[in-house]
Each structure stands twice: as C-alpha cells, then as structure tokens.
Amino acid sequence: MIIIPREEPAVSDLNSYYLKIDKLLEHFQGDLGTGGVYFKSPTSEAVVFFDEDNLINGYYRDKKDEFKGEAALSKIIETASKNNYSVTVYYILPERVYYWANLSNAEPLHSDLSSEFTDLESLIKKLENEKITGYIDVKLNQNAGGGFLFIYNGEVIGGASAKGAGELDRSVEYRDDLIKRCREAGGIFNVKKIQLSKITTLSKPSIRKKPQPVLTAAKPVLKQKVKARPQKDFHRVLMMLEDLLVLLERVVRSNKRIKIDFETLLNKQFVDKVDEYDFLDPFAAEFKYSNGKIIFSGKASQKELVASIVKCAKDMTAGLGMTALFRKYLGTWKKNYTDEIIDFNIEI
C-alpha cells in the first residue's frame, strides 16, 4: 500500500503515455516546491516525492516486484509509456514531505508486541511522550483487519486502514475506533521509526531556469493548470479559531474542580506570550474572545494569529492536564477545517 496525503490534488487525471516523467517532476518542483506524484495502473502503482531542489524518494510495486529509491524511479520512467498510468500530483507541506517520502525506509523499533501485554492506547501515549517519528502497524486477530497510525514528532497525524487503498484518515475517531477494535479482537503491533536526521535524497535534477513542459509531442493535449494556494479568507480563519476556543472553553468548564473563569485563564495565556505575540496583550485589546466570539483589530498575519491561538490552547490544556480530553473534542473541528489545518500546519 502506498500512503500519501491525498487532499485536493494540484493536478489529476494525466495519462503517462503523453508525459515525459523527468520533465513532469522538474515542472512541479518549480510550481509546487514540495509534493508527491502518484502513478496508478490496473497492475501497478508508484509514487515519487520531491522538494524544490531534490527528488527525495520513490517507491514502485506491482504483483511481482517492489522497488525503492533510484530503482523505483527508473522503473516508473521505463514503464510510463506502456502501463498508461493515471497520474495525480499532490502538494505536501515542506515540514512533512520527508516524513511521507521515507515511510518505506522506516526501521523497526518494537516488533510483535501483543495486545495481551500491551494496550494500544498506552503504546500511543508512550510514543507521544518520547516524541517518536514513525508509525504503528496494527494487525488484528480473528481476521478483523487492522490499520496504521502515523506519528510525527510524537503526534498522531493520521491513520489508514489495512484493507483500504491508502487514503489518509486524519480524524480522532479513526484512532479511537482502532483502539476499540484492538481491545475487542486483540492483535499484534509493530512500531517503526523514521530517522529524519539520516535521510538522503535521490540524485539532484538539473538546474531549472523555468518550469519545463510536461507533455511530449506525440499528441496535443491540454495542460491542466496547477491550482494556486491563495491567501485564506480571513473571516473563515477567525471562524476556525472561534470554534477552537469554544471547544476549549467547553472542555475547561466541564471540569468542576476548576474555579477560575475561562476568560481569565485564557488572558493569562495571552500575557505569558506577549513577548512573542504582542497583539495578544489584553490591555492593548487587539484580540478579544468573549461569549464564543472573537474580535480582532490588529495587523498580525494570518499565520501569526493562528500560531498564537493554537499555542495558547495547547499550553492551557497541557497545564490543566486535559490534553487527551481536549483532543477527543476535535474530530469534527478538524474535518470542518481540513484545508486550513494543512495550510497553516496546525498540530494540536
């Protein structure tokens, strides 16, 4: 199974018969910067990951063979005109592209852990505390399937069903369901670690002066325009932050042992971060949250604003010992704001 974040593609439904693969990769290095090109045919599938300067890694598999790295890239180029791959190009966050590119190179960390002695939820918490980057491969007993949980710097960033087609599920519900099924059926866990510090890339492509055409002259085909990643609608960004703070307030107020008013706790977080985010200063009143609404009159960028509020939410729940509870509330919020979470690289 090839796992790649498959949000809305930059380009889809290209046919490899009309493509020069090396030029295709070079083109999207220039246009997207970081991403992955996914190739799918009835008998095989493959992927090549890239950043602006390098081809990072490749993976190819069919019914008989499996190749990685340079061998995979050579196989893709060799078979492109024969297999008529359907080609899809995805943008991947620069911070995450090396993670996804090196899943196939992950090294064993814990092997054949039995649910009889190891609880999956406890294992996840252990890996979170150790800030592990890698994944857990869960194989359930009783032919109950299984799945994968992907962990980046100690945080579960998604999962995928063992019987699926490689789609990434970012919801908390997926993780909780896998934990539940594991407790019911039992299973075996294998943990693999990705050593990002040891990552090497494939050979560098030639220096580009401008994006190159990706089509051969075999047949005139209209090129699909890469979708730009525009500045987010500011009203929607504020809605996302409002909904996040509403959930945070609900979680805090549900704990009867907390006697301090929520807005007082929030303002304390703001004061603690004034040196980094001066617009949070309660006395300046550029940012105010009250009764489920945000009023913002400052000039901070969207990125700064989102980063500041997410950091406040994380620090508050951590200080109150409510991080796990808070994350359980976030499933619907993450689904509603998937694009924003990806674009702002929100980790919560």
# chains A, B, ... in the order shown; residues from 1 in each chain; ligands from 1

call {"tool": "select_by_dssp", "arguments": {"residues": "region 18-159 of chain A", "states": "strand (DSSP E or B)", "output": "number ranges by chain"}}
result
A: 19, 35-40, 44-50, 55-62, 66-68, 86-91, 107-114, 134-140, 146-152, 155-159

call {"tool": "residues_around", "arguments": {"residues": "Lys328 (chain A)", "least_positions_apart": "3", "cutoff": "10 Å", "atoms": "only C-alpha atoms", "output": "list in words"}}
result
Ser171, Val172, Glu173, Asp176, Val251, Thr323, Ala324, Leu325, Gly331 and Thr332 of chain A

call {"tool": "write_last_selection", "arguments": {"atoms": "C-alpha atoms", "output": "mmCIF file, in the first residue's frame"}}
result
data_model
loop_
_atom_site.group_PDB
_atom_site.id
_atom_site.type_symbol
_atom_site.label_atom_id
_atom_site.label_comp_id
_atom_site.auth_asym_id
_atom_site.auth_seq_id
_atom_site.Cartn_x
_atom_site.Cartn_y
_atom_site.Cartn_z
ATOM 1 C CA SER A 171 -9.820 12.038 12.389
ATOM 2 C CA VAL A 172 -9.529 11.210 16.089
ATOM 3 C CA GLU A 173 -12.444 8.837 15.538
ATOM 4 C CA ASP A 176 -10.283 5.615 18.776
ATOM 5 C CA VAL A 251 -13.737 21.314 27.989
ATOM 6 C CA THR A 323 -4.791 17.439 26.562
ATOM 7 C CA ALA A 324 -6.190 13.949 25.888
ATOM 8 C CA LEU A 325 -9.745 15.050 26.728
ATOM 9 C CA GLY A 331 -12.671 15.374 15.438
ATOM 10 C CA THR A 332 -15.463 17.426 13.862
#

call {"tool": "residues_around", "arguments": {"residues": "Gly158 (chain A)", "least_positions_apart": "5", "cutoff": "7 Å", "atoms": "only C-alpha atoms", "output": "PDB file with N, CA and C atoms, in the first residue's frame"}}
result
ATOM      1  N   LEU A 149      -1.191   3.752  12.193  1.00  0.00           N
ATOM      2  CA  LEU A 149      -1.260   5.065  12.831  1.00  0.00           C
ATOM      3  C   LEU A 149       0.077   5.759  12.580  1.00  0.00           C
ATOM      4  N   PHE A 150       0.025   6.941  11.985  1.00  0.00           N
ATOM      5  CA  PHE A 150       1.230   7.654  11.599  1.00  0.00           C
ATOM      6  C   PHE A 150       1.546   8.726  12.644  1.00  0.00           C
ATOM      7  N   LEU A 168      -5.597   8.569   3.628  1.00  0.00           N
ATOM      8  CA  LEU A 168      -5.232   9.003   4.975  1.00  0.00           C
ATOM      9  C   LEU A 168      -6.467   9.523   5.687  1.00  0.00           C
ATOM     10  N   ASP A 169      -6.715   9.015   6.890  1.00  0.00           N
ATOM     11  CA  ASP A 169      -7.835   9.468   7.716  1.00  0.00           C
ATOM     12  C   ASP A 169      -7.240  10.250   8.890  1.00  0.00           C
ATOM     13  N   ARG A 170      -7.490  11.560   8.947  1.00  0.00           N
ATOM     14  CA  ARG A 170      -6.895  12.404   9.979  1.00  0.00           C
ATOM     15  C   ARG A 170      -7.743  12.490  11.248  1.00  0.00           C
ATOM     16  N   SER A 171      -8.892  11.853  11.279  1.00  0.00           N
ATOM     17  CA  SER A 171      -9.820  12.038  12.389  1.00  0.00           C
ATOM     18  C   SER A 171      -9.390  11.300  13.650  1.00  0.00           C
TER      19      SER A 171
END

call {"tool": "atom_distance", "arguments": {"atom1": "CA of Gln269 (chain A)", "atom2": "CA of Ala318 (chain A)"}}
result
11.8 Å

call {"tool": "closest_residue", "arguments": {"among": "A:Tyr337, A:Tyr60, A:Tyr18, A:Phe67", "to": "Arg236 (chain A)", "atoms": "only C-alpha atoms"}}
result
A:Tyr337

call {"tool": "atom_distance", "arguments": {"atom1": "CA of Thr133 (chain A)", "atom2": "CA of Asn153 (chain A)"}}
result
4.8 Å

call {"tool": "residues_around", "arguments": {"residues": "region 260-265 of chain A", "least_positions_apart": "2", "cutoff": "12 Å", "atoms": "only C-alpha atoms", "output": "PDB file with C-alpha atoms, in the first residue's frame"}}
result
ATOM      1  CA  LEU A 245     -11.774  28.372  21.562  1.00  0.00           C
ATOM      2  CA  VAL A 246     -15.433  27.420  22.021  1.00  0.00           C
ATOM      3  CA  LEU A 247     -14.397  23.767  22.255  1.00  0.00           C
ATOM      4  CA  LEU A 248     -11.590  24.674  24.644  1.00  0.00           C
ATOM      5  CA  GLU A 249     -13.991  26.649  26.824  1.00  0.00           C
ATOM      6  CA  ARG A 250     -16.446  23.744  26.872  1.00  0.00           C
ATOM      7  CA  VAL A 251     -13.737  21.314  27.989  1.00  0.00           C
ATOM      8  CA  VAL A 252     -12.437  23.636  30.711  1.00  0.00           C
ATOM      9  CA  ARG A 253     -15.915  24.446  32.060  1.00  0.00           C
ATOM     10  CA  SER A 254     -16.762  20.736  32.191  1.00  0.00           C
ATOM     11  CA  ASN A 255     -14.166  20.319  34.947  1.00  0.00           C
ATOM     12  CA  LYS A 256     -15.944  21.439  38.114  1.00  0.00           C
ATOM     13  CA  ARG A 257     -12.679  21.498  40.030  1.00  0.00           C
ATOM     14  CA  ILE A 258     -11.511  24.482  38.001  1.00  0.00           C
ATOM     15  CA  ASN A 267      -5.958  36.020  29.247  1.00  0.00           C
ATOM     16  CA  LYS A 268      -3.232  34.539  31.449  1.00  0.00           C
ATOM     17  CA  GLN A 269      -2.045  32.553  28.429  1.00  0.00           C
ATOM     18  CA  PHE A 270      -2.113  35.750  26.381  1.00  0.00           C
ATOM     19  CA  VAL A 271       0.012  37.595  28.946  1.00  0.00           C
ATOM     20  CA  ASP A 272       2.545  34.743  29.004  1.00  0.00           C
ATOM     21  CA  PRO A 282      -5.142  42.043  26.937  1.00  0.00           C
ATOM     22  CA  LYS A 288     -10.502  39.617  22.418  1.00  0.00           C
ATOM     23  CA  TYR A 289     -12.524  36.430  22.919  1.00  0.00           C
ATOM     24  CA  SER A 290     -15.825  36.616  24.790  1.00  0.00           C
ATOM     25  CA  ASN A 291     -19.110  34.699  24.639  1.00  0.00           C
ATOM     26  CA  GLY A 292     -17.910  32.494  21.810  1.00  0.00           C
ATOM     27  CA  LYS A 293     -16.853  35.383  19.564  1.00  0.00           C
ATOM     28  CA  CYS A 312      -2.371  29.088  23.815  1.00  0.00           C
ATOM     29  CA  ALA A 313      -4.880  26.234  23.501  1.00  0.00           C
ATOM     30  CA  ASP A 315      -0.419  25.176  26.639  1.00  0.00           C
ATOM     31  CA  MET A 316      -3.645  25.671  28.568  1.00  0.00           C
ATOM     32  CA  THR A 317      -4.812  22.071  28.188  1.00  0.00           C
ATOM     33  CA  GLY A 319      -1.174  22.931  32.137  1.00  0.00           C
ATOM     34  CA  LEU A 320      -4.582  21.688  33.243  1.00  0.00           C
TER      35      LEU A 320
END

call {"tool": "residues_around", "arguments": {"residues": "Tyr17 (chain A)", "least_positions_apart": "2", "cutoff": "6 Å", "atoms": "only C-alpha atoms", "output": "list in words"}}
result
Asn15, Leu19, Ser81 and Asn84 of chain A

call {"tool": "residues_around", "arguments": {"residues": "region 303-307 of chain A", "least_positions_apart": "2", "cutoff": "8 Å", "atoms": "only C-alpha atoms", "output": "list in words"}}
result
Val237, Leu241, Tyr277, Ala300, Ser301, Ile309, Val310, Lys311, Phe344 and Ile346 of chain A

call {"tool": "closest_residue", "arguments": {"among": "A:Met322, A:Ala72, A:Ala80, A:Val89", "to": "His27 (chain A)", "atoms": "only C-alpha atoms"}}
result
A:Val89

call {"tool": "atom_distance", "arguments": {"atom1": "CA of Lys131 (chain A)", "atom2": "CA of Leu103 (chain A)"}}
result
16.7 Å

call {"tool": "closest_residue", "arguments": {"among": "A:Ser197, A:Asn190, A:Asn54, A:Thr43", "to": "Ser111 (chain A)", "atoms": "only C-alpha atoms"}}
result
A:Asn190

call {"tool": "select_by_dssp", "arguments": {"residues": "region 231-317 of chain A", "states": "alpha helix (DSSP H)", "output": "number ranges by chain"}}
result
A: 234-253, 262-272, 302-317

call {"tool": "write_last_selection", "arguments": {"atoms": "N, CA and C atoms", "output": "compact mmCIF listing (two decimals), in the first residue's frame"}}
result
# COMPACT_ATOMS: atom_id res chain seq x y z
N PHE A 234 -10.04 35.65 5.53
CA PHE A 234 -9.76 35.98 6.93
C PHE A 234 -10.96 35.69 7.83
N HIS A 235 -12.14 35.90 7.31
CA HIS A 235 -13.34 35.60 8.10
C HIS A 235 -13.41 34.12 8.46
N ARG A 236 -13.04 33.26 7.51
CA ARG A 236 -13.06 31.83 7.78
C ARG A 236 -11.96 31.45 8.80
N VAL A 237 -10.82 32.10 8.72
CA VAL A 237 -9.76 31.85 9.70
C VAL A 237 -10.24 32.20 11.10
N LEU A 238 -10.92 33.33 11.24
CA LEU A 238 -11.47 33.71 12.55
C LEU A 238 -12.53 32.72 13.01
N MET A 239 -13.35 32.22 12.08
CA MET A 239 -14.35 31.20 12.44
C MET A 239 -13.68 29.95 12.98
N MET A 240 -12.60 29.55 12.33
CA MET A 240 -11.88 28.36 12.77
C MET A 240 -11.35 28.55 14.19
N LEU A 241 -10.77 29.71 14.46
CA LEU A 241 -10.22 29.98 15.79
C LEU A 241 -11.33 30.13 16.83
N GLU A 242 -12.44 30.75 16.43
CA GLU A 242 -13.59 30.84 17.34
C GLU A 242 -14.07 29.45 17.75
N ASP A 243 -14.24 28.58 16.76
CA ASP A 243 -14.72 27.23 17.05
C ASP A 243 -13.74 26.47 17.94
N LEU A 244 -12.45 26.71 17.73
CA LEU A 244 -11.44 26.06 18.56
C LEU A 244 -11.55 26.53 20.01
N LEU A 245 -11.69 27.84 20.21
CA LEU A 245 -11.77 28.37 21.56
C LEU A 245 -13.09 28.00 22.24
N VAL A 246 -14.15 27.89 21.46
CA VAL A 246 -15.43 27.42 22.02
C VAL A 246 -15.29 26.00 22.56
N LEU A 247 -14.64 25.13 21.79
CA LEU A 247 -14.40 23.77 22.25
C LEU A 247 -13.52 23.76 23.50
N LEU A 248 -12.48 24.59 23.49
CA LEU A 248 -11.59 24.67 24.64
C LEU A 248 -12.35 25.14 25.88
N GLU A 249 -13.20 26.14 25.70
CA GLU A 249 -13.99 26.65 26.82
C GLU A 249 -14.93 25.57 27.37
N ARG A 250 -15.52 24.81 26.46
CA ARG A 250 -16.45 23.74 26.87
C ARG A 250 -15.72 22.69 27.70
N VAL A 251 -14.52 22.32 27.27
CA VAL A 251 -13.74 21.31 27.99
C VAL A 251 -13.34 21.83 29.37
N VAL A 252 -12.87 23.07 29.43
CA VAL A 252 -12.44 23.64 30.71
C VAL A 252 -13.62 23.76 31.68
N ARG A 253 -14.75 24.26 31.19
CA ARG A 253 -15.91 24.45 32.06
C ARG A 253 -16.51 23.12 32.53
N PHE A 262 -12.98 30.96 32.65
CA PHE A 262 -12.26 30.59 31.44
C PHE A 262 -11.54 31.78 30.81
N GLU A 263 -12.22 32.91 30.71
CA GLU A 263 -11.60 34.07 30.07
C GLU A 263 -10.39 34.56 30.85
N THR A 264 -10.42 34.40 32.16
CA THR A 264 -9.25 34.75 32.98
C THR A 264 -8.08 33.83 32.66
N LEU A 265 -8.37 32.52 32.54
CA LEU A 265 -7.32 31.55 32.18
C LEU A 265 -6.75 31.85 30.80
N LEU A 266 -7.63 32.21 29.88
CA LEU A 266 -7.18 32.50 28.51
C LEU A 266 -6.31 33.75 28.49
N ASN A 267 -6.74 34.78 29.21
CA ASN A 267 -5.96 36.02 29.25
C ASN A 267 -4.59 35.79 29.89
N LYS A 268 -4.52 34.88 30.84
CA LYS A 268 -3.23 34.54 31.45
C LYS A 268 -2.30 33.95 30.39
N GLN A 269 -2.84 33.09 29.52
CA GLN A 269 -2.04 32.55 28.43
C GLN A 269 -1.57 33.68 27.50
N PHE A 270 -2.47 34.63 27.25
CA PHE A 270 -2.11 35.75 26.38
C PHE A 270 -0.95 36.54 26.98
N VAL A 271 -1.03 36.82 28.28
CA VAL A 271 0.01 37.60 28.95
C VAL A 271 1.35 36.87 28.88
N ASP A 272 1.31 35.54 29.04
CA ASP A 272 2.54 34.74 29.00
C ASP A 272 3.23 34.80 27.65
N GLN A 302 -2.16 36.23 9.17
CA GLN A 302 -2.99 35.07 9.48
C GLN A 302 -2.15 33.97 10.14
N LYS A 303 -0.95 33.75 9.61
CA LYS A 303 -0.08 32.70 10.14
C LYS A 303 0.27 32.97 11.60
N GLU A 304 0.63 34.21 11.93
CA GLU A 304 0.95 34.55 13.32
C GLU A 304 -0.25 34.39 14.22
N LEU A 305 -1.41 34.83 13.76
CA LEU A 305 -2.62 34.75 14.57
C LEU A 305 -2.98 33.31 14.87
N VAL A 306 -2.97 32.47 13.86
CA VAL A 306 -3.31 31.06 14.05
C VAL A 306 -2.30 30.39 14.98
N ALA A 307 -1.02 30.63 14.74
CA ALA A 307 0.01 30.01 15.56
C ALA A 307 -0.14 30.40 17.03
N SER A 308 -0.46 31.66 17.29
CA SER A 308 -0.56 32.14 18.67
C SER A 308 -1.72 31.49 19.42
N ILE A 309 -2.88 31.40 18.77
CA ILE A 309 -4.06 30.85 19.45
C ILE A 309 -3.93 29.34 19.63
N VAL A 310 -3.39 28.66 18.64
CA VAL A 310 -3.17 27.23 18.77
C VAL A 310 -2.20 26.94 19.91
N LYS A 311 -1.14 27.74 20.01
CA LYS A 311 -0.17 27.56 21.09
C LYS A 311 -0.82 27.81 22.45
N CYS A 312 -1.66 28.82 22.55
CA CYS A 312 -2.37 29.09 23.82
C CYS A 312 -3.26 27.91 24.20
N ALA A 313 -3.99 27.36 23.23
CA ALA A 313 -4.88 26.23 23.50
C ALA A 313 -4.09 25.01 23.97
N LYS A 314 -2.98 24.73 23.29
CA LYS A 314 -2.15 23.58 23.67
C LYS A 314 -1.56 23.75 25.06
N ASP A 315 -1.05 24.95 25.34
CA ASP A 315 -0.42 25.18 26.64
C ASP A 315 -1.44 25.15 27.77
N MET A 316 -2.64 25.67 27.51
CA MET A 316 -3.64 25.67 28.57
C MET A 316 -4.08 24.25 28.92
N THR A 317 -4.37 23.44 27.90
CA THR A 317 -4.81 22.07 28.19
C THR A 317 -3.69 21.25 28.81
